[in-house]
Amino acid sequence: MAAVAAAEPPEEVLQECGCKGIRTCLICEGPRHGDPPWQLAPQKTHHFLYCLDTGWAVGAKDSDFEGWAFPFPGVTLIEDFVTPEEEAEMVCLMDRDPWKLSQSGRRKQDYGPKVNFRKQKLRMAGFQGLPSFSQELVQRMGLYPGLEDFQPVEQCNLDYNPSRGSAIDPHLDDSWLWGERLVSLNLLSPTVMSMGGEAPGSLLLSPACPAIPGVPVDSVTTPSRSVLCHEVEVAIPVPRRSLLVLAGAARHQWTHAIHRRHIKARRVCATFRELSAEFCPGGKQQDIGQELLRVALTFQGRPVL
């Protein structure tokens with residue numbers, strides 16, 4: 001990537017937002033009065049912290065489950081995926097294009113097809129490919145285990161700012177069109193990805209080794225505890241300039257969210273999505289998938305308006 005001086009973000013019109021329904025931000029919350037229909041969803045009862053070294057979720061300090069842990073598969077975190085210079089260049093290039101207002105105080109730029117997930121329909125609309133600055137990023141992703149064959153067909157840039165109360169509600173990404181891996185590049189500031197349990201039933205916990213947090217005590221006679229899955233939230237610290245990959249259980253069985261309290265400064269996230277099996281070779285919509293992939297990998301795109 002050629003060096004480009006980082007520019008200040010475009011001045012925002014703080015009187016406008018893109019919130020709809022129950023979703024809100026700091027811009028639209030002020031004028032509302034009475035019983036707020038936009039109240040935040042109830043917080044999860046039990047908090048755990050993801051341990052990158054072990055892949056286990058460990059009970060938060062001073063919580064009911066401090067010292068207890070359970071395996072949390074499907075998370076890969078690659079720190080320092082881009083350099084500070086590359087980060088500044090990418091954000092500068094993003095800011096040269098318009099940002100659209102989005103829900104919950106976010107702004108966005110879409111590089112992908114127009115999709116109606118409820119009706120399972122899509123159209124190319126103005127999709128011309130991923131942006132040129134992402135070509136080197138995608139090539140670099142292929143150098144890491146688990147991403148060798150990753151071919152994104154969609155990129156969504158999201159802009160978060162504490163002045164707008166930016167956040168994103170707990171959700172599962174679509175699996176009709178989007179495939180196994182969700183890959184997100186975190187820029188400008190660190191944050192926390194909050195994973196919420198939605199599956200029925202309980203999680204079996206093991207005592208964590210005091211000397212090495214996140215490592216369970218290895219004994220068949222070790223006592224265990226359990227906790228209801230839907231009451232659990234796992235916090236994944238996401239450093240600045242890191243690449244986060246969610247796959248498997250973390251992709252399909254746990255919702256992910258960014259809480260307002262975890263946006264301390266401007267944050268820009270670029271999320272890349274691949275095709276599901278239905279749109280890959282051998283799938284019933286392989287022809288559409290082939291065309292989407294062909295267009296995406298020209299790397300000649302501008303944000304779809």
# chains A, B, ... in the order shown; residues from 1 in each chain; ligands from 1

call {"tool": "closest_atom_pairs", "arguments": {"of": "region 111-172 of chain A", "to": "region 181-202 of chain A", "cutoff": "12 Å", "atoms": "only C-alpha atoms", "output": "CSV"}}
result
residue,atom,partner,partner_atom,distance
A:Ser134,CA,A:Leu185,CA,10.8
A:Leu137,CA,A:Leu185,CA,9.5
A:Val138,CA,A:Val183,CA,10.3
A:Met141,CA,A:Val183,CA,9.4
A:Gly142,CA,A:Val183,CA,11.9
A:Gly146,CA,A:Arg181,CA,9.4
A:Leu147,CA,A:Arg181,CA,8.7
A:Glu148,CA,A:Arg181,CA,11.9
A:Asp149,CA,A:Arg181,CA,10.8
A:Phe150,CA,A:Arg181,CA,8.2
A:Gln151,CA,A:Arg181,CA,10.1
A:Pro152,CA,A:Val183,CA,9.0
A:Val153,CA,A:Leu182,CA,11.6
A:Glu154,CA,A:Leu182,CA,10.5
A:Gln155,CA,A:Ser184,CA,9.3
A:Cys156,CA,A:Ser184,CA,9.3
A:Asn157,CA,A:Leu185,CA,9.4
A:Leu158,CA,A:Asn186,CA,9.9
A:Asp159,CA,A:Leu187,CA,9.6
A:Tyr160,CA,A:Ser189,CA,10.0
A:Asn161,CA,A:Ser189,CA,10.3
A:Pro162,CA,A:Ser189,CA,11.5
A:Ala167,CA,A:Met193,CA,10.8
A:Ile168,CA,A:Met193,CA,10.1
A:Asp169,CA,A:Ser194,CA,9.8
A:Pro170,CA,A:Gly196,CA,7.1
A:His171,CA,A:Gly196,CA,8.8
A:Leu172,CA,A:Gly196,CA,9.9

call {"tool": "write_last_selection", "arguments": {"atoms": "N, CA, C and O atoms", "output": "mmCIF file, in the first residue's frame"}}
result
data_model
loop_
_atom_site.group_PDB
_atom_site.id
_atom_site.type_symbol
_atom_site.label_atom_id
_atom_site.label_comp_id
_atom_site.auth_asym_id
_atom_site.auth_seq_id
_atom_site.Cartn_x
_atom_site.Cartn_y
_atom_site.Cartn_z
ATOM 1 N N SER A 134 -8.401 -3.301 -0.400
ATOM 2 C CA SER A 134 -8.592 -4.577 0.287
ATOM 3 C C SER A 134 -7.892 -5.748 -0.403
ATOM 4 O O SER A 134 -7.805 -6.826 0.172
ATOM 5 N N LEU A 137 -5.043 -6.932 1.609
ATOM 6 C CA LEU A 137 -5.524 -7.523 2.861
ATOM 7 C C LEU A 137 -5.988 -8.960 2.643
ATOM 8 O O LEU A 137 -5.666 -9.854 3.431
ATOM 9 N N VAL A 138 -6.760 -9.178 1.581
ATOM 10 C CA VAL A 138 -7.273 -10.517 1.294
ATOM 11 C C VAL A 138 -6.121 -11.480 0.986
ATOM 12 O O VAL A 138 -6.117 -12.632 1.437
ATOM 13 N N MET A 141 -4.548 -12.391 4.275
ATOM 14 C CA MET A 141 -5.368 -13.333 5.053
ATOM 15 C C MET A 141 -5.029 -14.767 4.686
ATOM 16 O O MET A 141 -4.978 -15.653 5.548
ATOM 17 N N GLY A 142 -4.801 -15.018 3.397
ATOM 18 C CA GLY A 142 -4.527 -16.368 2.927
ATOM 19 C C GLY A 142 -3.233 -16.961 3.436
ATOM 20 O O GLY A 142 -2.987 -18.160 3.259
ATOM 21 N N GLY A 146 -6.235 -21.551 8.474
ATOM 22 C CA GLY A 146 -7.675 -21.415 8.580
ATOM 23 C C GLY A 146 -8.272 -20.406 7.628
ATOM 24 O O GLY A 146 -9.494 -20.336 7.482
ATOM 25 N N LEU A 147 -7.410 -19.606 6.973
ATOM 26 C CA LEU A 147 -7.897 -18.605 6.025
ATOM 27 C C LEU A 147 -7.288 -18.784 4.633
ATOM 28 O O LEU A 147 -7.451 -17.910 3.769
ATOM 29 N N GLU A 148 -6.622 -19.900 4.412
ATOM 30 C CA GLU A 148 -5.920 -20.091 3.142
ATOM 31 C C GLU A 148 -6.853 -19.996 1.940
ATOM 32 O O GLU A 148 -6.447 -19.514 0.881
ATOM 33 N N ASP A 149 -8.087 -20.470 2.091
ATOM 34 C CA ASP A 149 -9.027 -20.480 0.970
ATOM 35 C C ASP A 149 -10.125 -19.437 1.135
ATOM 36 O O ASP A 149 -11.158 -19.507 0.457
ATOM 37 N N PHE A 150 -9.917 -18.467 1.987
ATOM 38 C CA PHE A 150 -10.962 -17.464 2.238
ATOM 39 C C PHE A 150 -11.067 -16.500 1.057
ATOM 40 O O PHE A 150 -10.104 -15.839 0.692
ATOM 41 N N GLN A 151 -12.266 -16.442 0.457
ATOM 42 C CA GLN A 151 -12.528 -15.563 -0.676
ATOM 43 C C GLN A 151 -13.782 -14.727 -0.394
ATOM 44 O O GLN A 151 -14.903 -15.194 -0.602
ATOM 45 N N PRO A 152 -13.612 -13.526 0.097
ATOM 46 C CA PRO A 152 -14.787 -12.718 0.446
ATOM 47 C C PRO A 152 -15.506 -12.183 -0.784
ATOM 48 O O PRO A 152 -14.875 -11.851 -1.797
ATOM 49 N N VAL A 153 -16.831 -12.099 -0.675
ATOM 50 C CA VAL A 153 -17.639 -11.501 -1.740
ATOM 51 C C VAL A 153 -18.360 -10.253 -1.245
ATOM 52 O O VAL A 153 -19.100 -9.633 -2.000
ATOM 53 N N GLU A 154 -18.144 -9.914 0.019
ATOM 54 C CA GLU A 154 -18.793 -8.723 0.571
ATOM 55 C C GLU A 154 -17.896 -8.112 1.627
ATOM 56 O O GLU A 154 -17.199 -8.825 2.362
ATOM 57 N N GLN A 155 -17.879 -6.777 1.657
ATOM 58 C CA GLN A 155 -17.164 -6.042 2.689
ATOM 59 C C GLN A 155 -18.084 -4.941 3.209
ATOM 60 O O GLN A 155 -18.673 -4.187 2.439
ATOM 61 N N CYS A 156 -18.209 -4.875 4.526
ATOM 62 C CA CYS A 156 -19.018 -3.830 5.151
ATOM 63 C C CYS A 156 -18.144 -3.064 6.125
ATOM 64 O O CYS A 156 -17.618 -3.641 7.084
ATOM 65 N N ASN A 157 -17.959 -1.767 5.862
ATOM 66 C CA ASN A 157 -17.221 -0.902 6.775
ATOM 67 C C ASN A 157 -18.207 -0.226 7.720
ATOM 68 O O ASN A 157 -19.196 0.354 7.270
ATOM 69 N N LEU A 158 -17.949 -0.300 9.010
ATOM 70 C CA LEU A 158 -18.791 0.353 10.002
ATOM 71 C C LEU A 158 -17.964 1.354 10.794
ATOM 72 O O LEU A 158 -16.833 1.055 11.203
ATOM 73 N N ASP A 159 -18.546 2.523 11.011
ATOM 74 C CA ASP A 159 -17.887 3.610 11.736
ATOM 75 C C ASP A 159 -18.624 3.824 13.063
ATOM 76 O O ASP A 159 -19.832 4.098 13.072
ATOM 77 N N TYR A 160 -17.907 3.667 14.175
ATOM 78 C CA TYR A 160 -18.469 3.847 15.514
ATOM 79 C C TYR A 160 -17.847 5.097 16.138
ATOM 80 O O TYR A 160 -16.651 5.351 15.962
ATOM 81 N N ASN A 161 -18.650 5.836 16.914
ATOM 82 C CA ASN A 161 -18.129 7.018 17.583
ATOM 83 C C ASN A 161 -18.875 7.209 18.900
ATOM 84 O O ASN A 161 -20.107 7.153 18.933
ATOM 85 N N PRO A 162 -18.155 7.442 19.998
ATOM 86 C CA PRO A 162 -18.849 7.623 21.280
ATOM 87 C C PRO A 162 -19.746 8.845 21.311
ATOM 88 O O PRO A 162 -20.711 8.885 22.077
ATOM 89 N N ALA A 167 -23.206 1.553 18.701
ATOM 90 C CA ALA A 167 -23.209 0.182 19.206
ATOM 91 C C ALA A 167 -23.800 -0.708 18.125
ATOM 92 O O ALA A 167 -24.249 -0.230 17.078
ATOM 93 N N ILE A 168 -23.792 -2.006 18.368
ATOM 94 C CA ILE A 168 -24.525 -2.931 17.504
ATOM 95 C C ILE A 168 -25.122 -4.018 18.384
ATOM 96 O O ILE A 168 -24.446 -4.580 19.252
ATOM 97 N N ASP A 169 -26.424 -4.263 18.204
ATOM 98 C CA ASP A 169 -27.152 -5.194 19.058
ATOM 99 C C ASP A 169 -26.695 -6.634 18.844
ATOM 100 O O ASP A 169 -26.182 -6.984 17.773
ATOM 101 N N PRO A 170 -26.899 -7.495 19.855
ATOM 102 C CA PRO A 170 -26.578 -8.918 19.689
ATOM 103 C C PRO A 170 -27.329 -9.518 18.499
ATOM 104 O O PRO A 170 -28.535 -9.329 18.357
ATOM 105 N N HIS A 171 -26.599 -10.222 17.651
ATOM 106 C CA HIS A 171 -27.217 -10.793 16.460
ATOM 107 C C HIS A 171 -26.383 -11.947 15.934
ATOM 108 O O HIS A 171 -25.196 -12.062 16.236
ATOM 109 N N LEU A 172 -27.024 -12.791 15.124
ATOM 110 C CA LEU A 172 -26.342 -13.812 14.346
ATOM 111 C C LEU A 172 -26.353 -13.380 12.886
ATOM 112 O O LEU A 172 -27.398 -12.986 12.366
#

call {"tool": "residues_around", "arguments": {"residues": "Val232 (chain A)", "least_positions_apart": "2", "cutoff": "8 Å", "atoms": "only C-alpha atoms", "output": "ChimeraX atom specification"}}
result
/A:44-48,196-197,227-230,234

call {"tool": "select_by_dssp", "arguments": {"residues": "region 240-286 of chain A", "states": "strand (DSSP E or B)", "output": "MDAnalysis selection string"}}
result
chainID A and resid 243:246 254:258 267:275

call {"tool": "closest_residue", "arguments": {"among": "A:Gly126, A:Gly105, A:Pro71, A:Pro98", "to": "Leu204 (chain A)", "atoms": "only C-alpha atoms"}}
result
A:Pro71

call {"tool": "residues_around", "arguments": {"residues": "region 107-116 of chain A", "least_positions_apart": "2", "cutoff": "6 Å", "atoms": "only C-alpha atoms", "output": "PyMOL selection string"}}
result
chain A and resi 99-102+118-124+127+130+154-159+303-304

call {"tool": "select_by_dssp", "arguments": {"residues": "region 33-278 of chain A", "states": "helix (DSSP H, G or I)", "output": "ChimeraX atom specification"}}
result
/A:84-96,103-105,132-141,162-164,229-231,248-252,260-262,277-278

call {"tool": "atom_distance", "arguments": {"atom1": "CA of Gln128 (chain A)", "atom2": "CA of Gln300 (chain A)"}}
result
6.2 Å

call {"tool": "atom_distance", "arguments": {"atom1": "CA of Met94 (chain A)", "atom2": "CA of Gly301 (chain A)"}}
result
11.9 Å
